[in-house]
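Coordinates from structure23.txt are shown below (compact mmCIF, C-alpha atoms and all ligand atoms).
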# COMPACT_ATOMS: atom_id res chain seq x y z
CA MET Y 1 -8.75 7.25 24.59
CA PRO Y 2 -6.85 4.72 22.47
CA GLU Y 3 -4.00 2.65 23.88
CA LEU Y 4 -0.64 4.25 23.23
CA GLN Y 5 1.48 1.97 21.06
CA GLU Y 6 5.24 2.32 21.04
CA LEU Y 7 6.27 3.03 17.45
CA PRO Y 8 9.45 1.28 16.27
CA GLU Y 9 10.87 4.13 14.18
CA SER Y 10 10.21 7.66 13.02
CA HIS Y 11 7.70 8.80 10.38
CA ILE Y 12 5.12 6.18 11.41
CA PHE Y 13 1.92 7.33 13.09
CA GLN Y 14 -0.91 5.59 14.87
CA THR Y 15 -4.56 6.35 14.24
CA TYR Y 16 -7.78 4.48 15.03
CA GLY Y 17 -5.86 1.34 15.94
CA ILE Y 18 -3.80 1.13 12.77
CA VAL Y 19 -0.33 2.37 11.89
CA LEU Y 20 0.34 4.45 8.79
CA LEU Y 21 3.38 5.93 7.11
CA GLU Y 22 4.37 9.52 6.47
CA ASN Y 23 5.96 10.58 3.21
CA LYS Y 24 9.32 10.85 4.94
CA HIS Y 25 9.38 7.19 5.98
CA ARG Y 26 12.39 5.35 4.52
CA LEU Y 27 10.27 2.67 2.78
CA VAL Y 28 7.91 5.26 1.29
CA LYS Y 29 10.93 7.13 -0.05
CA LYS Y 30 12.15 3.90 -1.65
CA LEU Y 31 8.79 3.17 -3.27
CA LYS Y 32 8.67 6.72 -4.62
CA ARG Y 33 11.71 5.98 -6.76
CA HIS Y 34 9.61 3.52 -8.76
CA TYR Y 35 5.97 4.61 -8.36
CA THR Y 36 4.52 8.10 -8.81
CA PRO Y 37 0.81 8.45 -7.98
CA SER Y 38 -0.50 11.20 -10.23
CA ILE Y 39 -4.10 11.99 -9.20
CA HIS Y 40 -3.47 13.15 -5.61
CA GLY Y 41 -2.96 9.63 -4.23
CA HIS Y 42 0.32 10.51 -2.57
CA LYS Y 43 -0.58 10.32 1.17
CA ALA Y 44 -3.39 9.38 3.57
CA TRP Y 45 -5.89 12.26 3.33
CA ASN Y 46 -7.61 13.61 6.45
CA SER Y 47 -11.13 12.67 5.30
CA SER Y 48 -10.13 9.03 5.76
CA PHE Y 49 -9.73 9.63 9.52
CA LEU Y 50 -13.18 11.26 9.62
CA LEU Y 51 -14.75 8.16 8.08
CA MET Y 52 -12.89 5.83 10.47
CA ASP Y 53 -14.35 7.82 13.35
CA TYR Y 54 -17.83 7.72 11.79
CA PHE Y 55 -17.60 3.95 11.30
CA LEU Y 56 -16.66 3.53 14.98
CA HIS Y 57 -19.62 5.60 16.12
CA THR Y 58 -22.22 4.07 13.83
CA LYS Y 59 -21.07 0.44 14.18
CA LEU Y 60 -21.90 -0.15 10.51
CA LEU Y 61 -19.05 -2.57 9.94
CA ASN Y 62 -19.33 -6.32 10.63
CA LYS Y 63 -16.96 -9.21 10.29
CA GLN Y 64 -16.90 -10.87 6.87
CA GLN Y 65 -18.90 -8.01 5.33
CA ARG Y 66 -17.78 -7.18 1.80
CA VAL Y 67 -16.93 -3.50 1.43
CA LEU Y 68 -15.64 -1.52 -1.53
CA GLU Y 69 -13.50 1.60 -1.40
CA LEU Y 70 -13.57 4.06 -4.31
CA GLY Y 71 -10.36 5.98 -5.06
CA CYS Y 72 -8.57 4.29 -2.17
CA GLY Y 73 -5.11 5.84 -2.69
CA TRP Y 74 -2.81 4.47 0.00
CA GLY Y 75 -5.87 2.73 1.49
CA PRO Y 76 -6.05 4.03 5.07
CA THR Y 77 -9.81 3.43 5.40
CA SER Y 78 -9.67 0.06 3.65
CA ILE Y 79 -6.97 -1.01 6.11
CA PHE Y 80 -9.06 0.27 9.03
CA CYS Y 81 -12.13 -1.74 7.87
CA ALA Y 82 -10.11 -4.94 7.55
CA HIS Y 83 -8.23 -4.40 10.81
CA HIS Y 84 -11.02 -3.07 13.02
CA ALA Y 85 -13.93 -5.21 11.85
CA GLY Y 86 -12.44 -8.05 9.80
CA CYS Y 87 -14.28 -6.89 6.67
CA GLN Y 88 -13.38 -8.30 3.26
CA VAL Y 89 -12.19 -5.18 1.53
CA THR Y 90 -11.62 -4.27 -2.09
CA GLY Y 91 -9.73 -1.04 -2.72
CA THR Y 92 -10.14 0.47 -6.18
CA ASP Y 93 -8.31 3.32 -7.86
CA ARG Y 94 -7.72 4.50 -11.41
CA ASP Y 95 -4.04 5.07 -10.63
CA GLU Y 96 -2.24 1.74 -10.24
CA ASP Y 97 0.81 3.50 -8.77
CA VAL Y 98 -1.02 3.93 -5.45
CA PHE Y 99 -1.20 0.20 -4.76
CA PRO Y 100 2.42 -0.47 -3.69
CA PHE Y 101 1.89 2.13 -0.91
CA LEU Y 102 -1.41 0.49 0.08
CA GLU Y 103 0.17 -2.95 0.13
CA LEU Y 104 3.08 -1.77 2.27
CA GLN Y 105 0.71 -0.25 4.84
CA ALA Y 106 -1.63 -3.25 4.72
CA SER Y 107 1.23 -5.62 5.50
CA MET Y 108 2.36 -3.42 8.41
CA ASN Y 109 -1.14 -3.82 9.83
CA GLN Y 110 -1.29 -7.54 9.00
CA VAL Y 111 -4.37 -7.29 6.83
CA GLU Y 112 -5.06 -8.23 3.23
CA ILE Y 113 -6.83 -5.89 0.85
CA THR Y 114 -7.89 -6.92 -2.64
CA THR Y 115 -6.98 -4.21 -5.13
CA GLN Y 116 -8.36 -3.34 -8.54
CA THR Y 117 -7.29 -0.69 -11.03
CA ILE Y 118 -10.53 0.81 -12.27
CA SER Y 119 -12.01 4.29 -12.64
CA PHE Y 120 -15.28 5.36 -10.99
CA GLU Y 121 -17.03 5.50 -14.37
CA LYS Y 122 -16.17 1.87 -15.17
CA ILE Y 123 -17.53 0.34 -11.96
CA THR Y 124 -20.58 -1.62 -13.09
CA LYS Y 125 -23.81 -2.54 -11.33
CA ASN Y 126 -22.68 -6.13 -11.52
CA MET Y 127 -19.48 -5.34 -9.61
CA LEU Y 128 -21.32 -3.17 -7.06
CA SER Y 129 -23.85 -5.94 -6.38
CA GLU Y 130 -21.12 -7.87 -4.50
CA TYR Y 131 -20.87 -5.22 -1.75
CA SER Y 132 -23.14 -4.08 1.07
CA ILE Y 133 -21.11 -0.95 1.85
CA VAL Y 134 -19.36 1.31 -0.66
CA PHE Y 135 -17.34 4.33 0.47
CA GLY Y 136 -14.78 6.89 -0.56
CA THR Y 137 -12.78 9.63 1.14
CA ASP Y 138 -11.78 12.87 -0.55
CA ILE Y 139 -12.73 11.68 -4.02
CA CYS Y 140 -15.05 14.50 -5.15
CA PHE Y 141 -12.58 17.32 -5.83
CA TRP Y 142 -13.24 18.28 -9.46
CA ASP Y 143 -16.53 19.61 -10.86
CA ASP Y 144 -17.09 16.68 -13.23
CA LEU Y 145 -16.67 14.21 -10.33
CA SER Y 146 -20.07 15.34 -8.94
CA ARG Y 147 -21.84 13.95 -11.99
CA ILE Y 148 -19.65 10.84 -12.11
CA HIS Y 149 -20.36 10.00 -8.45
CA TYR Y 150 -24.07 10.82 -8.79
CA ASN Y 151 -24.31 8.23 -11.58
CA LEU Y 152 -22.29 5.74 -9.54
CA ILE Y 153 -24.64 6.22 -6.55
CA ASN Y 154 -27.64 5.48 -8.79
CA ARG Y 155 -25.93 2.32 -10.06
CA ALA Y 156 -25.17 1.30 -6.46
CA LYS Y 157 -28.84 1.71 -5.51
CA GLN Y 158 -29.92 -0.50 -8.43
CA ALA Y 159 -27.23 -3.04 -7.51
CA GLY Y 160 -28.58 -3.45 -3.96
CA VAL Y 161 -25.77 -1.69 -2.05
CA LYS Y 162 -27.11 -0.84 1.43
CA HIS Y 163 -24.91 2.07 2.48
CA LEU Y 164 -22.85 4.50 0.44
CA LEU Y 165 -20.63 6.90 2.37
CA LEU Y 166 -18.42 9.74 1.18
CA ALA Y 167 -16.20 11.84 3.47
CA ASP Y 168 -14.91 15.20 2.36
CA PRO Y 169 -13.28 18.33 3.79
CA GLY Y 170 -16.13 20.39 2.26
CA ARG Y 171 -15.31 21.15 -1.34
CA GLN Y 172 -18.00 22.64 -3.61
CA PRO Y 173 -18.23 19.61 -5.98
CA PHE Y 174 -18.94 17.44 -2.92
CA PHE Y 175 -21.72 19.78 -1.72
CA ASP Y 176 -23.22 19.82 -5.23
CA LEU Y 177 -23.21 16.03 -5.22
CA ALA Y 178 -24.70 15.83 -1.71
CA GLU Y 179 -27.58 18.14 -2.66
CA LYS Y 180 -28.43 16.15 -5.78
CA ALA Y 181 -28.04 12.73 -4.12
CA LEU Y 182 -30.17 13.70 -1.09
CA ALA Y 183 -32.94 14.94 -3.38
CA ARG Y 184 -33.21 11.41 -4.77
CA HIS Y 185 -32.07 9.05 -1.98
CA ASP Y 186 -32.64 8.64 1.74
CA GLY Y 187 -29.68 9.81 3.82
CA ASP Y 188 -27.96 12.63 5.68
CA LEU Y 189 -25.11 15.06 5.36
CA HIS Y 190 -23.29 15.07 8.71
CA GLN Y 191 -20.77 17.60 9.86
CA TRP Y 192 -18.16 15.48 11.66
CA TYR Y 193 -14.86 15.84 13.48
CA CYS Y 194 -12.13 13.51 14.61
CA ASN Y 195 -9.24 13.84 17.03
CA GLU Y 196 -6.86 11.28 15.55
CA PRO Y 197 -4.14 11.62 14.43
CA GLU Y 198 -5.03 15.28 15.14
CA TYR Y 199 -8.14 17.48 15.12
CA PHE Y 200 -9.84 17.64 11.74
CA ASP Y 201 -13.42 18.44 10.70
CA GLY Y 202 -15.39 17.93 7.53
CA PHE Y 203 -18.49 16.22 6.19
CA ILE Y 204 -19.89 12.73 5.76
CA LEU Y 205 -22.57 12.02 3.18
CA HIS Y 206 -24.29 8.81 4.32
CA LEU Y 207 -26.87 7.41 1.92
CA ASN Y 208 -29.17 4.58 3.02
CA LEU Y 209 -29.91 3.02 -0.31
CA GLN Y 210 -32.11 0.12 0.93
C1 LIG V 301 -7.34 12.89 -2.76
S1 LIG V 301 -6.90 11.23 -3.10
C2 LIG V 301 -7.70 10.36 -1.76
C3 LIG V 301 -7.09 9.03 -1.50
C4 LIG V 301 -7.70 8.25 -0.33
N1 LIG V 301 -9.11 8.02 -0.54
C5 LIG V 301 -7.47 8.98 0.98
O1 LIG V 301 -8.42 9.56 1.54
O2 LIG V 301 -6.34 8.96 1.49
C6 LIG V 301 -7.98 10.84 -4.49
C7 LIG V 301 -7.82 9.41 -5.02
O3 LIG V 301 -8.81 9.19 -6.02
C8 LIG V 301 -8.21 8.54 -7.14
N2 LIG V 301 -8.99 8.91 -8.35
C9 LIG V 301 -9.08 10.12 -8.92
N3 LIG V 301 -9.90 10.09 -9.99
C10 LIG V 301 -10.33 8.80 -10.08
C11 LIG V 301 -11.22 8.12 -10.97
N4 LIG V 301 -11.82 8.76 -11.99
N5 LIG V 301 -11.48 6.82 -10.75
C12 LIG V 301 -10.87 6.16 -9.71
N6 LIG V 301 -10.01 6.74 -8.85
C13 LIG V 301 -9.75 8.05 -9.02
C14 LIG V 301 -6.78 9.07 -7.16
O4 LIG V 301 -5.89 8.24 -7.87
C15 LIG V 301 -6.46 9.16 -5.67
O5 LIG V 301 -5.90 7.97 -5.17
Let me see the structure of the file written as structure tokens.
Ligand SMILES: C[S@@+](CC[C@H](N)C(=O)[O-])C[C@H]1O[C@@H](n2cnc3c(N)ncnc32)[C@H](O)[C@@H]1O
Amino acid sequence: MPELQELPESHIFQTYGIVLLENKHRLVKKLKRHYTPSIHGHKAWNSSFLLMDYFLHTKLLNKQQRVLELGCGWGPTSIFCAHHAGCQVTGTDRDEDVFPFLELQASMNQVEITTQTISFEKITKNMLSEYSIVFGTDICFWDDLSRIHYNLINRAKQAGVKHLLLADPGRQPFFDLAEKALARHDGDLHQWYCNEPEYFDGFILHLNLQ
């Protein structure tokens, strides 16, 4: 079990060795006066905890590895990768209003995350070629996102990305994507659970692209 850390104030929680903020935290409330994430990037979603757990079990992450997060929102998994393994992390999102929340949480965990405002569709092969691992959590929630991510996966393969991982609570667009991607690429769809910060289960699509 993880070491219990004494938390300095309310509305902060600990998970997988990092600390994150709830919506009711005083600094989050302050940021919300100026920034309004508009595509569901308004909290740390549970699929991010699933992927943290999966990363711990699979030992995929190494120090200095360059990893890219798609649709990072407040960046819980990006922060985990930088904190747990010392990865060089880039967090991307179409909604620039998520980044002040990511930066606040990154500084609380004493890590640096590079951020970039860009949509999934605009991420090029050239950009992907800089990363060995690309991942996203809870980013396949609308029907058209299946096609968009399928095309992105194919670009990642051509760019030489080794692993592409998507965690999801189990929405239909995600299953449609998983079926199509696994028909073309090597990989698995894992049913997974985690116990931090509380019990949650869902799915991890792990594609071995090399
Ligand atoms: C449900 S939230 C998940 C956030 C984060 N991954 C997590 O698990 O906490 C979905 C995120 O995807 C971003 N997003 C939605 N559509 C996008 C697109 N077309 N390109 C890039 N980011 C997008 C949203 O802004 C939001 O931050």
Around all of ligand LIG 301 (chain V)'s listed atoms, make the axis-aligned box with 4 Å on each side and tell me centre and edge lengths in Å to one decimal, as JSON.
{"center_x": -8.9, "center_y": 9.5, "center_z": -5.2, "size_x": 13.9, "size_y": 14.7, "size_z": 21.5}
Near-ligand residues for ligand LIG 301 (chain V), threshold 6 Å, only C-alpha atoms and all ligand atoms, as a ChimeraX atom specification: /Y:39-41,43-45,47-48,71-74,93-95,118-120,136-139
Nearby residues (only C-alpha atoms) at most 12 Å from segment 10-26 of chain Y, same-chain spacing under 4 positions excluded, as a PyMOL selection string: chain Y and resi 1-6+30-33+41-46+48-57+74-85+101-111+194-199
Please produce a file of those selected residues containing C-alpha atoms, as a compact mmCIF listing (two decimals), in the coordinates of the input.
# COMPACT_ATOMS: atom_id res chain seq x y z
CA MET Y 1 -8.75 7.25 24.59
CA PRO Y 2 -6.85 4.72 22.47
CA GLU Y 3 -4.00 2.65 23.88
CA LEU Y 4 -0.64 4.25 23.23
CA GLN Y 5 1.48 1.97 21.06
CA GLU Y 6 5.24 2.32 21.04
CA LYS Y 30 12.15 3.90 -1.65
CA LEU Y 31 8.79 3.17 -3.27
CA LYS Y 32 8.67 6.72 -4.62
CA ARG Y 33 11.71 5.98 -6.76
CA GLY Y 41 -2.96 9.63 -4.23
CA HIS Y 42 0.32 10.51 -2.57
CA LYS Y 43 -0.58 10.32 1.17
CA ALA Y 44 -3.39 9.38 3.57
CA TRP Y 45 -5.89 12.26 3.33
CA ASN Y 46 -7.61 13.61 6.45
CA SER Y 48 -10.13 9.03 5.76
CA PHE Y 49 -9.73 9.63 9.52
CA LEU Y 50 -13.18 11.26 9.62
CA LEU Y 51 -14.75 8.16 8.08
CA MET Y 52 -12.89 5.83 10.47
CA ASP Y 53 -14.35 7.82 13.35
CA TYR Y 54 -17.83 7.72 11.79
CA PHE Y 55 -17.60 3.95 11.30
CA LEU Y 56 -16.66 3.53 14.98
CA HIS Y 57 -19.62 5.60 16.12
CA TRP Y 74 -2.81 4.47 0.00
CA GLY Y 75 -5.87 2.73 1.49
CA PRO Y 76 -6.05 4.03 5.07
CA THR Y 77 -9.81 3.43 5.40
CA SER Y 78 -9.67 0.06 3.65
CA ILE Y 79 -6.97 -1.01 6.11
CA PHE Y 80 -9.06 0.27 9.03
CA CYS Y 81 -12.13 -1.74 7.87
CA ALA Y 82 -10.11 -4.94 7.55
CA HIS Y 83 -8.23 -4.40 10.81
CA HIS Y 84 -11.02 -3.07 13.02
CA ALA Y 85 -13.93 -5.21 11.85
CA PHE Y 101 1.89 2.13 -0.91
CA LEU Y 102 -1.41 0.49 0.08
CA GLU Y 103 0.17 -2.95 0.13
CA LEU Y 104 3.08 -1.77 2.27
CA GLN Y 105 0.71 -0.25 4.84
CA ALA Y 106 -1.63 -3.25 4.72
CA SER Y 107 1.23 -5.62 5.50
CA MET Y 108 2.36 -3.42 8.41
CA ASN Y 109 -1.14 -3.82 9.83
CA GLN Y 110 -1.29 -7.54 9.00
CA VAL Y 111 -4.37 -7.29 6.83
CA CYS Y 194 -12.13 13.51 14.61
CA ASN Y 195 -9.24 13.84 17.03
CA GLU Y 196 -6.86 11.28 15.55
CA PRO Y 197 -4.14 11.62 14.43
CA GLU Y 198 -5.03 15.28 15.14
CA TYR Y 199 -8.14 17.48 15.12
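One finds atom CA of Leu27 of chain Y at 26.1 Å from atom CA of Gln88 of chain Y.
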Surrounding residues of segment 169-173 of chain Y excluding itself and chain neighbours under 5 positions, 8 Å, all atoms listed in the file, as a CSV table (one decimal) with C-alpha atoms, in the frame of the given file:
chain,number,residue,atom,x,y,z
Y,46,ASN,CA,-7.6,13.6,6.4
Y,47,SER,CA,-11.1,12.7,5.3
Y,138,ASP,CA,-11.8,12.9,-0.6
Y,140,CYS,CA,-15.0,14.5,-5.2
Y,141,PHE,CA,-12.6,17.3,-5.8
Y,142,TRP,CA,-13.2,18.3,-9.5
Y,143,ASP,CA,-16.5,19.6,-10.9
Y,144,ASP,CA,-17.1,16.7,-13.2
Y,145,LEU,CA,-16.7,14.2,-10.3
Y,146,SER,CA,-20.1,15.3,-8.9
Y,201,ASP,CA,-13.4,18.4,10.7
Y,202,GLY,CA,-15.4,17.9,7.5
Y,203,PHE,CA,-18.5,16.2,6.2
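Of the listed residues Y:Asp168, Y:Asp176, Y:Asp97, Y:Glu121, the one whose atoms come nearest to Arg155 of chain Y is Y:Glu121, with distances taken using only C-alpha atoms.
Atom CA of Phe135 of chain Y is positioned 6.4 Å from atom CA of Leu68 of chain Y.
Counting from atom CA of Asn208 of chain Y, the distance to atom CA of Ala159 of chain Y is 13.1 Å.
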Give me the residues within 10 Å of His163 of chain Y as a PDB file with C-alpha atoms, in the frame of the given file, counting all atoms listed in the file and dropping any in the same chain fewer than 5 places off.
ATOM      1  CA  LEU Y  60     -21.900  -0.150  10.510  1.00  0.00           C
ATOM      2  CA  VAL Y  67     -16.930  -3.500   1.430  1.00  0.00           C
ATOM      3  CA  TYR Y 131     -20.870  -5.220  -1.750  1.00  0.00           C
ATOM      4  CA  SER Y 132     -23.140  -4.080   1.070  1.00  0.00           C
ATOM      5  CA  ILE Y 133     -21.110  -0.950   1.850  1.00  0.00           C
ATOM      6  CA  VAL Y 134     -19.360   1.310  -0.660  1.00  0.00           C
ATOM      7  CA  PHE Y 135     -17.340   4.330   0.470  1.00  0.00           C
ATOM      8  CA  ILE Y 153     -24.640   6.220  -6.550  1.00  0.00           C
ATOM      9  CA  ALA Y 156     -25.170   1.300  -6.460  1.00  0.00           C
ATOM     10  CA  LYS Y 157     -28.840   1.710  -5.510  1.00  0.00           C
ATOM     11  CA  GLY Y 187     -29.680   9.810   3.820  1.00  0.00           C
ATOM     12  CA  HIS Y 206     -24.290   8.810   4.320  1.00  0.00           C
ATOM     13  CA  LEU Y 207     -26.870   7.410   1.920  1.00  0.00           C
ATOM     14  CA  ASN Y 208     -29.170   4.580   3.020  1.00  0.00           C
ATOM     15  CA  LEU Y 209     -29.910   3.020  -0.310  1.00  0.00           C
ATOM     16  CA  GLN Y 210     -32.110   0.120   0.930  1.00  0.00           C
TER      17      GLN Y 210
END
N, CA, C and O atoms for segment 21-38 of chain Y, written as a short mmCIF file (atom, residue, chain, number, x, y, z; two decimals), in the frame of the given file, could you do that?
data_model
loop_
_atom_site.label_atom_id
_atom_site.label_comp_id
_atom_site.auth_asym_id
_atom_site.auth_seq_id
_atom_site.Cartn_x
_atom_site.Cartn_y
_atom_site.Cartn_z
N LEU Y 21 2.06 5.37 7.38
CA LEU Y 21 3.38 5.93 7.11
C LEU Y 21 3.29 7.36 6.59
O LEU Y 21 2.41 7.69 5.79
N GLU Y 22 4.24 8.17 7.03
CA GLU Y 22 4.37 9.52 6.47
C GLU Y 22 5.22 9.45 5.21
O GLU Y 22 5.96 8.47 4.99
N ASN Y 23 5.17 10.51 4.43
CA ASN Y 23 5.96 10.58 3.21
C ASN Y 23 7.46 10.46 3.45
O ASN Y 23 8.20 10.02 2.58
N LYS Y 24 7.88 10.86 4.67
CA LYS Y 24 9.32 10.85 4.94
C LYS Y 24 9.82 9.48 5.39
O LYS Y 24 11.02 9.31 5.62
N HIS Y 25 8.93 8.51 5.53
CA HIS Y 25 9.38 7.19 5.98
C HIS Y 25 10.33 6.57 4.95
O HIS Y 25 10.13 6.70 3.74
N ARG Y 26 11.33 5.86 5.43
CA ARG Y 26 12.39 5.35 4.52
C ARG Y 26 11.81 4.42 3.44
O ARG Y 26 12.26 4.44 2.28
N LEU Y 27 10.81 3.60 3.79
CA LEU Y 27 10.27 2.67 2.78
C LEU Y 27 9.39 3.40 1.75
O LEU Y 27 9.35 3.04 0.58
N VAL Y 28 8.70 4.44 2.22
CA VAL Y 28 7.91 5.26 1.29
C VAL Y 28 8.86 5.94 0.30
O VAL Y 28 8.61 5.97 -0.91
N LYS Y 29 9.95 6.45 0.84
CA LYS Y 29 10.93 7.13 -0.05
C LYS Y 29 11.44 6.15 -1.11
O LYS Y 29 11.60 6.51 -2.27
N LYS Y 30 11.65 4.90 -0.69
CA LYS Y 30 12.15 3.90 -1.65
C LYS Y 30 11.10 3.63 -2.72
O LYS Y 30 11.40 3.58 -3.92
N LEU Y 31 9.85 3.44 -2.28
CA LEU Y 31 8.79 3.17 -3.27
C LEU Y 31 8.66 4.32 -4.25
O LEU Y 31 8.37 4.12 -5.42
N LYS Y 32 8.85 5.53 -3.75
CA LYS Y 32 8.67 6.72 -4.62
C LYS Y 32 9.67 6.78 -5.76
O LYS Y 32 9.46 7.50 -6.73
N ARG Y 33 10.75 6.02 -5.63
CA ARG Y 33 11.71 5.98 -6.76
C ARG Y 33 11.11 5.24 -7.95
O ARG Y 33 11.54 5.40 -9.08
N HIS Y 34 10.14 4.37 -7.68
CA HIS Y 34 9.61 3.52 -8.76
C HIS Y 34 8.14 3.81 -9.10
O HIS Y 34 7.68 3.45 -10.18
N TYR Y 35 7.41 4.38 -8.15
CA TYR Y 35 5.97 4.61 -8.36
C TYR Y 35 5.64 6.07 -8.05
O TYR Y 35 6.05 6.60 -7.02
N THR Y 36 4.86 6.68 -8.97
CA THR Y 36 4.52 8.10 -8.81
C THR Y 36 3.02 8.30 -8.97
O THR Y 36 2.53 8.51 -10.08
N PRO Y 37 2.25 8.19 -7.88
CA PRO Y 37 0.81 8.45 -7.98
C PRO Y 37 0.57 9.85 -8.56
O PRO Y 37 1.25 10.81 -8.17
N SER Y 38 -0.39 9.94 -9.48
CA SER Y 38 -0.50 11.20 -10.23
C SER Y 38 -1.86 11.89 -10.11
O SER Y 38 -2.07 12.92 -10.73
#
